[in-house]
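The structure appears right after this line, and notes come after that.
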Amino acid sequence: MKMIMEMTLYGMSFYEFMFRVFIACVVGGLFGFERKSRGKPAGMKTNMLACAGAAIVSVIQLMISNKTAEVGLDIGNIKADPTRLTAQVISGLGFLGAGVIMTGGNKVRGLTTAATLWLVAILGIGIGYGFYYFILPASIMILLLSYLIKKFETTFIE
């Protein structure tokens with residue numbers, strides 16, 4: 001176990017990896033709490049898993065890109081797309097988001113929850129790439145604005 005804790009893989013320590021996954025779980029959980037507190041589908045666990053999964057994919061992509069660059073220097077020119085895996089996260093979340101959208105009569109429900117799942121995946125990608133100093137304040141701002149917009153809608157529109 002000690003060996004795992006001290007391991008560094010392509011410049012990232014085990015602690016840094018776990019920190020990124022933890023931050024992604026917290027951010028995803030906060031967005032999930034917001035959805036669940038309003039009685040909407042895709043609560044804390046779903047949003048946490050989407051955000052953490054996207055963060056892990058981003059870390060894996062970083063490691064693959066670093067290894068590809070390392071090998072490319074040794075054997076010559078290797079072409080690789082450093083965003084391929086993370087781009088697939090966005091597509092995959094589209095399918096997950098489609099699962100929470102429901103229609104009935106003239107009403108469409110679940111769009112905000114689907115957009116939230118898409119957003120937490122993007123936030124998870126940013127966290128996985130190490131941009132949590134930008135992602136955390138942006139997440140807080142988005143959550144506050146979401147709360148304020150809901151208050152505004154219930155007061156003035158509904």
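Just remember, in the structure tokens the first chain shown is A, the second B, etc., residues are 1-based per chain, and ligands are 1-based in the order shown.
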All strand (DSSP E or B) positions in chain A, as a VMD selection string: chain A and resid 8 to 9 12 to 13 102 to 104 107 to 109
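The interatomic distance for the pair CA of Glu16 in chain A and CA of Thr116 in chain A works out to 26.0 Å.
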For CA of Cys25 in chain A and CA of Met48 in chain A, determine how far apart the two atoms are, in Å to one decimal place. 4.8 Å
Fewer than 4 positions away in the same chain doesn't count, so skip those; otherwise give me all residues within 12 Å of Arg35 in chain A, counting only C-alpha atoms, as a PyMOL selection string. chain A and resi 28-31+39-48+100+110-117+143+146-147+150
Next, dump the selected residues to file, keeping only N, CA and C atoms, as a compact mmCIF listing (two decimals), in the first residue's frame.
# COMPACT_ATOMS: atom_id res chain seq x y z
N GLY A 28 -19.72 17.50 -8.17
CA GLY A 28 -20.87 16.76 -8.70
C GLY A 28 -21.95 16.57 -7.65
N GLY A 29 -21.53 16.27 -6.42
CA GLY A 29 -22.49 16.10 -5.33
C GLY A 29 -23.28 17.36 -5.03
N LEU A 30 -22.62 18.52 -5.10
CA LEU A 30 -23.33 19.79 -4.86
C LEU A 30 -24.40 20.03 -5.91
N PHE A 31 -24.06 19.77 -7.17
CA PHE A 31 -25.06 19.95 -8.23
C PHE A 31 -26.18 18.92 -8.09
N GLY A 39 -36.61 17.91 -6.00
CA GLY A 39 -37.41 16.75 -6.36
C GLY A 39 -37.21 16.29 -7.79
N LYS A 40 -36.05 16.57 -8.34
CA LYS A 40 -35.76 16.22 -9.74
C LYS A 40 -34.97 14.91 -9.80
N PRO A 41 -35.02 14.25 -10.97
CA PRO A 41 -34.23 13.01 -11.11
C PRO A 41 -32.73 13.32 -11.19
N ALA A 42 -31.93 12.30 -11.15
CA ALA A 42 -30.47 12.41 -11.23
C ALA A 42 -29.94 13.27 -10.08
N GLY A 43 -29.92 12.66 -8.91
CA GLY A 43 -29.51 13.38 -7.70
C GLY A 43 -28.02 13.35 -7.45
N MET A 44 -27.67 13.29 -6.18
CA MET A 44 -26.27 13.44 -5.77
C MET A 44 -25.37 12.36 -6.35
N LYS A 45 -25.78 11.09 -6.23
CA LYS A 45 -24.91 10.01 -6.71
C LYS A 45 -24.68 10.10 -8.21
N THR A 46 -25.74 10.34 -8.96
CA THR A 46 -25.62 10.39 -10.42
C THR A 46 -24.70 11.52 -10.85
N ASN A 47 -24.90 12.70 -10.30
CA ASN A 47 -24.06 13.85 -10.67
C ASN A 47 -22.62 13.66 -10.18
N MET A 48 -22.47 13.08 -9.00
CA MET A 48 -21.14 12.82 -8.47
C MET A 48 -20.40 11.83 -9.37
N VAL A 100 -33.11 11.31 -18.85
CA VAL A 100 -33.86 12.04 -17.83
C VAL A 100 -34.86 13.02 -18.43
N GLY A 110 -37.26 17.65 -17.50
CA GLY A 110 -35.93 17.06 -17.34
C GLY A 110 -34.82 17.76 -18.11
N LEU A 111 -35.14 18.83 -18.83
CA LEU A 111 -34.11 19.51 -19.61
C LEU A 111 -33.02 20.11 -18.71
N THR A 112 -33.43 20.72 -17.62
CA THR A 112 -32.44 21.32 -16.72
C THR A 112 -31.57 20.24 -16.07
N THR A 113 -32.18 19.11 -15.72
CA THR A 113 -31.40 18.02 -15.15
C THR A 113 -30.42 17.46 -16.18
N ALA A 114 -30.86 17.32 -17.42
CA ALA A 114 -29.97 16.85 -18.49
C ALA A 114 -28.82 17.84 -18.70
N ALA A 115 -29.15 19.12 -18.70
CA ALA A 115 -28.11 20.15 -18.86
C ALA A 115 -27.15 20.13 -17.68
N THR A 116 -27.67 19.84 -16.49
CA THR A 116 -26.82 19.76 -15.30
C THR A 116 -25.84 18.59 -15.41
N LEU A 117 -26.32 17.45 -15.89
CA LEU A 117 -25.43 16.30 -16.08
C LEU A 117 -24.33 16.63 -17.09
N LEU A 143 -24.15 27.55 -9.21
CA LEU A 143 -25.14 27.11 -8.22
C LEU A 143 -25.92 28.28 -7.64
N SER A 146 -28.27 29.62 -10.28
CA SER A 146 -29.38 28.69 -10.45
C SER A 146 -30.44 28.90 -9.37
N TYR A 147 -29.97 29.06 -8.14
CA TYR A 147 -30.87 29.32 -7.02
C TYR A 147 -31.60 30.65 -7.21
N LYS A 150 -34.23 30.50 -10.00
CA LYS A 150 -35.43 29.78 -9.56
C LYS A 150 -36.29 30.68 -8.67
For range 122-124 of chain A, find every residue with an atom within 7 Å (counting only C-alpha atoms), except residues of its own chain fewer than 4 positions away, and show them as a PyMOL selection string. chain A and resi 24+51-52+54-55+118+128+135
Go ahead and dump the residues you just picked, C-alpha atoms, as a tab-separated table (two decimals), in the first residue's frame.
chain	number	residue	atom	x	y	z
A	24	ALA	CA	-14.96	16.16	-8.67
A	51	CYS	CA	-18.30	14.45	-12.57
A	52	ALA	CA	-15.82	12.00	-11.03
A	54	ALA	CA	-15.17	12.67	-16.38
A	55	ALA	CA	-12.31	13.72	-14.10
A	118	TRP	CA	-23.73	17.72	-19.17
A	128	GLY	CA	-9.29	16.15	-14.13
A	135	ILE	CA	-13.79	25.21	-11.71
Considering only alpha helix (DSSP H) as DSSP defines it on the backbone, what residues of range 22-126 of chain A qualify? List them as a PyMOL selection string. chain A and resi 22-37+44-75+84-98+111-126
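Closest approach to Ile60 in chain A among A:Leu85, A:Ile149, A:Leu144, A:Ile90: A:Leu85, based on only C-alpha atoms.
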Determine, counting only C-alpha atoms, which protein, DNA and RNA residues have an atom within 10 Å of an atom of Met63 in chain A; residues of the same chain fewer than 3 positions away are not included. Present the result as a PyMOL selection string. chain A and resi 9-12+57-60+66-69+82
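Residue nearest Gly94 in chain A, chosen from A:Val108, A:Ala50, A:Leu145, A:Ile127 and counting only C-alpha atoms: A:Ala50.
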